[in-house]
Amino acid sequence: MAVLVTGGAGYIGSHTVAALLERGEEIVVVDNLQQGHKEAVLGGKLYIGDLRDSELLDTVFQENEIEAVIHFAASSLVGESMGNPAKYYHNNVYGTLCLLEKMSQYKVGTIVFSSTAATYGEPVHLPLDEHDRTLPTNTYGETKLAMERMMHWFDIAHGIKYVSLRYFNAAGAHDSGAIGEDHAPETHLIPLVLQTALGKRPHIAIYGEDYPTEDGTCVRDYIHVSDLADAHLLAVDRLRKGGDSAVYNLGNGQGFSVKQVIDIARQVTGCEIAASAEPRRAGDPAVLIASSRRAHEELGWNPTRSSLENIISSAWAWHTAKPDGYSKR
């Protein structure tokens, strides 16, 4: 029996594939390689293609005995989603519909979903709780929420049980140094800061210094990517044991501002990292910090790598070893 990982050549997906391999799981990966990298898939069977390709999905489900799905495949750039909402509804929402229809057709009843804290929008209180209102402030978060709701109704209609994992900033790199973070374009703060330290950028942009936070910059909750991968495996295990559908936040319960991240990166790298103030980006909440109490209690999730110093140190080791990232697509 195999675990299908959609988007398994991407950043979080590839680290989850690595974690599955470490415990001897049979793995099938589907990725269109628009953002993923073949080099990042350390094992398993790789199908290159899109979830909206019905014939491809038929091939995947017919050639493999799929027991569970871990679903990462989605567009995830907040700024782009605000300028091109059609792309996000078509790729994220319609792509997930295609996947769920095939799961129903082939009687695969378990899915773990890579969601986001962006489903909450501006928080009413902090840290965010799974029962808080969901009112996204950007198209990306809105499509992820729509995907969650779709899974809920497929559970009601077809008995497909799901776990949705809401997290915000994945960061860091695998302990082996074999895989790390490489997006094109890169929009995540920590790799951008480290690219600046490597001299690949003249400065790091700070988008907004007038937020209602201690230093005026956005505050986010950072989790090491391998800790996130572990949570996906624990969610699969929960569903394998007959657990009901559920939503969990994944965070470390504390946030760091953009300026704090830059300061710690300066300490870790020993480099001067120039920064410049830029206008706010549309759709960016001031603070997002998640409570993971429920994930600790029900999944047994215990992140062990997620101090900001450790996250940045592991990312720095990968970026210095691969300053140009993976090979060209």
# chains A, B, ... in the order shown; residues from 1 in each chain; ligands from 1
call {"tool": "residues_around", "arguments": {"residues": "Gly141 (chain A)", "least_positions_apart": "4", "cutoff": "10 Å", "atoms": "only C-alpha atoms", "output": "PyMOL selection string"}}
result
chain A and resi 76-78+81+88+115-121+134-137+145-147+283
call {"tool": "write_last_selection", "arguments": {"atoms": "C-alpha atoms", "output": "PDB file, in the first residue's frame"}}
result
ATOM      1  CA  SER A  76       0.978  29.655  -2.823  1.00  0.00           C
ATOM      2  CA  LEU A  77       2.146  33.224  -3.523  1.00  0.00           C
ATOM      3  CA  VAL A  78      -0.012  35.740  -1.665  1.00  0.00           C
ATOM      4  CA  SER A  81      -3.004  35.461  -5.811  1.00  0.00           C
ATOM      5  CA  TYR A  88      -5.515  30.199  -7.789  1.00  0.00           C
ATOM      6  CA  SER A 115      -3.437  24.191   4.519  1.00  0.00           C
ATOM      7  CA  THR A 116      -2.421  27.567   5.895  1.00  0.00           C
ATOM      8  CA  ALA A 117      -2.972  29.996   8.745  1.00  0.00           C
ATOM      9  CA  ALA A 118      -3.916  32.479   6.004  1.00  0.00           C
ATOM     10  CA  THR A 119      -7.405  30.925   6.192  1.00  0.00           C
ATOM     11  CA  TYR A 120      -7.966  32.978   9.375  1.00  0.00           C
ATOM     12  CA  GLY A 121      -7.224  36.433   8.001  1.00  0.00           C
ATOM     13  CA  THR A 134     -12.003  32.130   9.076  1.00  0.00           C
ATOM     14  CA  LEU A 135     -12.071  35.354   7.069  1.00  0.00           C
ATOM     15  CA  PRO A 136      -9.107  35.355   4.662  1.00  0.00           C
ATOM     16  CA  THR A 137      -7.614  38.662   3.541  1.00  0.00           C
ATOM     17  CA  LEU A 145     -10.329  27.534   2.870  1.00  0.00           C
ATOM     18  CA  ALA A 146     -12.468  26.485  -0.098  1.00  0.00           C
ATOM     19  CA  MET A 147     -10.345  23.341  -0.422  1.00  0.00           C
ATOM     20  CA  GLY A 283      -3.389  41.044   2.043  1.00  0.00           C
TER      21      GLY A 283
END
call {"tool": "select_by_dssp", "arguments": {"residues": "region 133-231 of chain A", "states": "strand (DSSP E or B)", "output": "PyMOL selection string"}}
result
chain A and resi 135+161-167+169-171+204-207+219-220+222-224
call {"tool": "residues_around", "arguments": {"residues": "Val29 (chain A)", "least_positions_apart": "5", "cutoff": "10 Å", "atoms": "only C-alpha atoms", "output": "short mmCIF file (atom, residue, chain, number, x, y, z; two decimals) with all heavy atoms, in the first residue's frame"}}
result
data_model
loop_
_atom_site.label_atom_id
_atom_site.label_comp_id
_atom_site.auth_asym_id
_atom_site.auth_seq_id
_atom_site.Cartn_x
_atom_site.Cartn_y
_atom_site.Cartn_z
N VAL A 3 1.53 5.62 -0.21
CA VAL A 3 1.08 6.98 0.10
C VAL A 3 1.35 7.84 -1.13
O VAL A 3 2.48 7.90 -1.62
CB VAL A 3 1.81 7.55 1.33
CG1 VAL A 3 1.37 8.99 1.58
CG2 VAL A 3 1.57 6.69 2.55
N LEU A 4 0.31 8.49 -1.64
CA LEU A 4 0.45 9.41 -2.77
C LEU A 4 0.72 10.80 -2.23
O LEU A 4 -0.06 11.31 -1.41
CB LEU A 4 -0.83 9.41 -3.61
CG LEU A 4 -0.95 10.51 -4.68
CD1 LEU A 4 0.16 10.42 -5.70
CD2 LEU A 4 -2.32 10.44 -5.35
N VAL A 5 1.82 11.41 -2.66
CA VAL A 5 2.17 12.76 -2.22
C VAL A 5 2.06 13.68 -3.44
O VAL A 5 2.89 13.62 -4.35
CB VAL A 5 3.58 12.82 -1.62
CG1 VAL A 5 3.87 14.24 -1.11
CG2 VAL A 5 3.73 11.81 -0.49
N THR A 6 1.03 14.51 -3.47
CA THR A 6 0.90 15.48 -4.56
C THR A 6 1.74 16.70 -4.22
O THR A 6 1.76 17.17 -3.09
CB THR A 6 -0.57 15.90 -4.75
OG1 THR A 6 -1.00 16.67 -3.63
CG2 THR A 6 -1.46 14.67 -4.92
N GLY A 7 2.47 17.21 -5.22
CA GLY A 7 3.40 18.30 -4.93
C GLY A 7 4.61 17.82 -4.15
O GLY A 7 5.26 18.60 -3.44
N GLY A 8 4.93 16.55 -4.29
CA GLY A 8 6.01 15.96 -3.50
C GLY A 8 7.41 16.35 -3.92
O GLY A 8 8.37 15.99 -3.25
N ALA A 9 7.54 17.08 -5.04
CA ALA A 9 8.85 17.60 -5.44
C ALA A 9 9.06 19.03 -4.95
O ALA A 9 10.11 19.62 -5.19
CB ALA A 9 9.00 17.54 -6.97
N GLY A 13 6.70 19.29 0.52
CA GLY A 13 6.41 17.95 0.01
C GLY A 13 7.63 17.05 -0.03
O GLY A 13 7.57 15.88 0.36
N SER A 14 8.76 17.58 -0.49
CA SER A 14 9.97 16.75 -0.58
C SER A 14 10.49 16.35 0.80
O SER A 14 11.00 15.24 0.98
CB SER A 14 11.06 17.49 -1.36
OG SER A 14 11.48 18.67 -0.68
N VAL A 17 8.26 13.54 1.86
CA VAL A 17 8.69 12.31 1.18
C VAL A 17 9.91 11.72 1.88
O VAL A 17 9.99 10.51 2.12
CB VAL A 17 9.00 12.58 -0.31
CG1 VAL A 17 9.71 11.40 -0.95
CG2 VAL A 17 7.70 12.88 -1.06
N VAL A 41 13.23 14.91 -4.91
CA VAL A 41 12.50 13.67 -4.62
C VAL A 41 13.53 12.57 -4.38
O VAL A 41 14.14 12.06 -5.31
CB VAL A 41 11.56 13.29 -5.78
CG1 VAL A 41 10.79 12.03 -5.44
CG2 VAL A 41 10.60 14.44 -6.08
N GLY A 43 13.23 9.53 -3.29
CA GLY A 43 12.86 8.14 -3.50
C GLY A 43 11.40 8.03 -3.87
O GLY A 43 10.68 9.03 -3.97
N GLY A 44 10.94 6.81 -4.11
CA GLY A 44 9.58 6.59 -4.52
C GLY A 44 9.43 6.68 -6.03
O GLY A 44 10.40 6.83 -6.78
N LYS A 45 8.19 6.59 -6.49
CA LYS A 45 7.87 6.63 -7.92
C LYS A 45 7.33 8.00 -8.26
O LYS A 45 6.37 8.47 -7.63
CB LYS A 45 6.85 5.54 -8.25
CG LYS A 45 6.53 5.39 -9.74
CD LYS A 45 5.36 4.44 -9.97
CE LYS A 45 5.67 3.03 -9.50
NZ LYS A 45 4.54 2.10 -9.88
N LEU A 46 7.93 8.67 -9.25
CA LEU A 46 7.54 10.03 -9.61
C LEU A 46 6.78 10.05 -10.93
O LEU A 46 7.26 9.55 -11.94
CB LEU A 46 8.79 10.92 -9.72
CG LEU A 46 8.58 12.34 -10.28
CD1 LEU A 46 7.66 13.15 -9.36
CD2 LEU A 46 9.92 13.05 -10.45
N TYR A 47 5.59 10.64 -10.90
CA TYR A 47 4.82 10.93 -12.11
C TYR A 47 4.85 12.44 -12.33
O TYR A 47 4.45 13.20 -11.43
CB TYR A 47 3.37 10.48 -11.96
CG TYR A 47 3.16 8.99 -11.89
CD1 TYR A 47 3.31 8.31 -10.69
CD2 TYR A 47 2.78 8.27 -13.01
CE1 TYR A 47 3.11 6.94 -10.60
CE2 TYR A 47 2.57 6.89 -12.94
CZ TYR A 47 2.73 6.23 -11.74
OH TYR A 47 2.52 4.88 -11.66
N ILE A 48 5.31 12.87 -13.48
CA ILE A 48 5.38 14.30 -13.79
C ILE A 48 4.10 14.68 -14.53
O ILE A 48 3.83 14.19 -15.63
CB ILE A 48 6.61 14.64 -14.63
CG1 ILE A 48 7.88 14.27 -13.85
CG2 ILE A 48 6.63 16.13 -14.99
CD1 ILE A 48 9.16 14.43 -14.66
N GLY A 49 3.29 15.52 -13.90
CA GLY A 49 2.05 15.93 -14.52
C GLY A 49 1.18 16.69 -13.55
O GLY A 49 1.55 16.92 -12.39
N VAL A 60 -2.13 6.85 -12.32
CA VAL A 60 -1.55 6.78 -10.98
C VAL A 60 -2.34 5.83 -10.10
O VAL A 60 -1.78 4.95 -9.42
CB VAL A 60 -1.48 8.18 -10.34
CG1 VAL A 60 -1.11 8.09 -8.86
CG2 VAL A 60 -0.48 9.06 -11.09
N VAL A 69 -3.49 9.83 0.79
CA VAL A 69 -2.96 10.93 0.01
C VAL A 69 -2.50 12.03 0.96
O VAL A 69 -3.17 12.33 1.96
CB VAL A 69 -4.04 11.50 -0.94
CG1 VAL A 69 -3.51 12.72 -1.70
CG2 VAL A 69 -4.51 10.43 -1.92
N ILE A 70 -1.34 12.62 0.67
CA ILE A 70 -0.91 13.85 1.33
C ILE A 70 -0.85 14.91 0.24
O ILE A 70 -0.10 14.77 -0.73
CB ILE A 70 0.45 13.71 2.03
CG1 ILE A 70 0.42 12.52 3.00
CG2 ILE A 70 0.80 14.99 2.78
CD1 ILE A 70 1.75 12.29 3.73
#
call {"tool": "closest_residue", "arguments": {"among": "A:His183, A:Ile289, A:Glu142, A:Gly208", "to": "Ser327 (chain A)", "atoms": "only C-alpha atoms"}}
result
A:His183
call {"tool": "select_by_dssp", "arguments": {"residues": "region 213-319 of chain A", "states": "helix (DSSP H, G or I)", "output": "ChimeraX atom specification"}}
result
/A:225-240,258-269,293-299,308-319
call {"tool": "write_last_selection", "arguments": {"atoms": "C-alpha atoms", "output": "PDB file, in the first residue's frame"}}
result
ATOM      1  CA  VAL A 225      10.107  22.109   7.653  1.00  0.00           C
ATOM      2  CA  SER A 226      11.065  18.689   9.050  1.00  0.00           C
ATOM      3  CA  ASP A 227       8.847  19.272  12.085  1.00  0.00           C
ATOM      4  CA  LEU A 228       6.011  20.011   9.661  1.00  0.00           C
ATOM      5  CA  ALA A 229       6.791  16.815   7.748  1.00  0.00           C
ATOM      6  CA  ASP A 230       6.530  14.837  10.982  1.00  0.00           C
ATOM      7  CA  ALA A 231       3.073  16.307  11.613  1.00  0.00           C
ATOM      8  CA  HIS A 232       1.851  15.078   8.225  1.00  0.00           C
ATOM      9  CA  LEU A 233       2.984  11.544   9.048  1.00  0.00           C
ATOM     10  CA  LEU A 234       1.274  11.685  12.435  1.00  0.00           C
ATOM     11  CA  ALA A 235      -1.916  12.847  10.706  1.00  0.00           C
ATOM     12  CA  VAL A 236      -1.755   9.894   8.282  1.00  0.00           C
ATOM     13  CA  ASP A 237      -1.310   7.561  11.250  1.00  0.00           C
ATOM     14  CA  ARG A 238      -4.331   9.084  13.004  1.00  0.00           C
ATOM     15  CA  LEU A 239      -6.554   8.470   9.992  1.00  0.00           C
ATOM     16  CA  ARG A 240      -5.160   4.945   9.500  1.00  0.00           C
ATOM     17  CA  VAL A 258      10.722  40.612  10.058  1.00  0.00           C
ATOM     18  CA  LYS A 259      13.420  42.713  11.725  1.00  0.00           C
ATOM     19  CA  GLN A 260      14.043  40.028  14.361  1.00  0.00           C
ATOM     20  CA  VAL A 261      14.523  37.403  11.661  1.00  0.00           C
ATOM     21  CA  ILE A 262      17.041  39.630   9.889  1.00  0.00           C
ATOM     22  CA  ASP A 263      18.921  40.283  13.140  1.00  0.00           C
ATOM     23  CA  ILE A 264      19.190  36.565  13.978  1.00  0.00           C
ATOM     24  CA  ALA A 265      20.307  35.828  10.417  1.00  0.00           C
ATOM     25  CA  ARG A 266      23.093  38.383  10.857  1.00  0.00           C
ATOM     26  CA  GLN A 267      24.198  36.569  14.012  1.00  0.00           C
ATOM     27  CA  VAL A 268      24.063  33.091  12.413  1.00  0.00           C
ATOM     28  CA  THR A 269      25.810  34.035   9.175  1.00  0.00           C
ATOM     29  CA  ARG A 293      -2.240  22.651  21.722  1.00  0.00           C
ATOM     30  CA  ARG A 294      -4.699  20.438  19.883  1.00  0.00           C
ATOM     31  CA  ALA A 295      -1.990  18.952  17.623  1.00  0.00           C
ATOM     32  CA  HIS A 296       0.143  18.203  20.684  1.00  0.00           C
ATOM     33  CA  GLU A 297      -2.742  16.523  22.510  1.00  0.00           C
ATOM     34  CA  GLU A 298      -4.404  14.605  19.657  1.00  0.00           C
ATOM     35  CA  LEU A 299      -1.554  13.927  17.201  1.00  0.00           C
ATOM     36  CA  LEU A 308      14.620  30.311  15.012  1.00  0.00           C
ATOM     37  CA  GLU A 309      18.395  29.964  15.419  1.00  0.00           C
ATOM     38  CA  ASN A 310      18.246  26.291  14.409  1.00  0.00           C
ATOM     39  CA  ILE A 311      15.918  26.997  11.497  1.00  0.00           C
ATOM     40  CA  ILE A 312      18.193  29.679  10.090  1.00  0.00           C
ATOM     41  CA  SER A 313      21.355  27.668  10.762  1.00  0.00           C
ATOM     42  CA  SER A 314      20.039  24.642   8.843  1.00  0.00           C
ATOM     43  CA  ALA A 315      18.860  26.843   5.978  1.00  0.00           C
ATOM     44  CA  TRP A 316      22.223  28.644   5.900  1.00  0.00           C
ATOM     45  CA  ALA A 317      24.076  25.309   5.664  1.00  0.00           C
ATOM     46  CA  TRP A 318      21.956  24.312   2.653  1.00  0.00           C
ATOM     47  CA  HIS A 319      22.204  27.680   0.900  1.00  0.00           C
TER      48      HIS A 319
END
